[in-house]
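**Student:** One structure coming up, written as structure tokens, with questions to follow.
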Amino acid sequence: YSYAFNLDLFKFVKALDKKQSGAVYFNCTQKLEEAIQSKENLISTVILSYMLENGEKEKVYSYISNLENKTYLQSLYNNYFSKLDDQELDFSFIANETKIDSDYKNYIDTKLTNNWSDTEFMNYVLEAPRVIEVWTF
């Protein structure tokens, strides 16, 4: 079974109880965390969407911002970038240094233009990882 592509296995691991499952809990959760923290491992969009909807957004943001597989990052970009109402998700793509075919500069321009009067948001955007680098080049 693949921890990165089997949603039923993912849900099973998340439902395990630490006290009642003992070693199974630790083994399964460790393998799942390794899959999510890998910079090369491909996590299915079904699992990523499930995580986004079920309170594990930070793990998805971290996964996307660190993913080194160019082809899969491009696929995730095409599926997620600027398609959900989730700025943190969009900025996790921008934070990733892996070069893909993207329109980050236009996205940043639009965000800054549409929110020019919100100084808190402007500071957030300008301080986000790699925004200045992407925006100025």
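Labeling convention for the structure tokens: chains A, B, ... as they appear, residues from 1 per chain, ligands from 1 in order of appearance.
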Mind checking which residues fall within 8 Å of Val134 of chain A, counting only C-alpha atoms, ignoring those fewer than 4 positions away in the same chain, and posting them as a list in words?

**Tutor:** Ile94, Tyr104, Lys105 and Arg130 of chain A

**Student:** Write down as JSON, numbers by chain the residues belonging to segment 3-109 of chain A that are assigned helix (DSSP H, G or I) by DSSP computed on the backbone.

**Tutor:** {"A": [7, 8, 9, 10, 11, 12, 13, 14, 15, 18, 19, 20, 21, 23, 24, 25, 26, 27, 28, 29, 30, 31, 32, 33, 34, 35, 36, 37, 45, 46, 47, 48, 49, 50, 51, 52, 53, 57, 58, 59, 60, 61, 62, 63, 64, 65, 66, 70, 71, 72, 73, 74, 75, 76, 77, 78, 79, 80, 87, 88, 89, 90, 91, 92, 93, 94, 95, 104, 105, 106, 107, 108, 109]}

**Student:** Using only C-alpha atoms, what does the table of segment 36-121 of chain A residues within 12 Å of segment 13-22 of chain A look like, with each row giving the shortest atom pair and its distance in Å to one decimal, sorted by chain and ascending number, as a Markdown table?

**Tutor:**
```
| residue | atom | partner | partner_atom | distance |
| --- | --- | --- | --- | --- |
| A:Ile47 | CA | A:Lys14 | CA | 11.9 |
| A:Tyr50 | CA | A:Lys14 | CA | 11.6 |
| A:Met51 | CA | A:Lys14 | CA | 10.6 |
| A:Asn54 | CA | A:Lys14 | CA | 10.8 |
| A:Gly55 | CA | A:Lys14 | CA | 11.9 |
| A:Glu56 | CA | A:Lys14 | CA | 11.1 |
```

**Student:** Hey, which of A:Ser44, A:Thr98, A:Asn115, A:Asn27 ends up closest to Ala4 of chain A? Count only C-alpha atoms.

**Tutor:**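 Counting only C-alpha atoms, the residue closest to Ala4 of chain A is A:Ser44.
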
**Student:** Please determine, counting only C-alpha atoms, which residue among A:Asp8, A:Glu68, A:Glu88, A:Asp103 has the shortest atom-to-atom distance to Lys39 of chain A.

**Tutor:**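 Looking at the shortest contact to Lys39 of chain A, the residue is A:Glu68.
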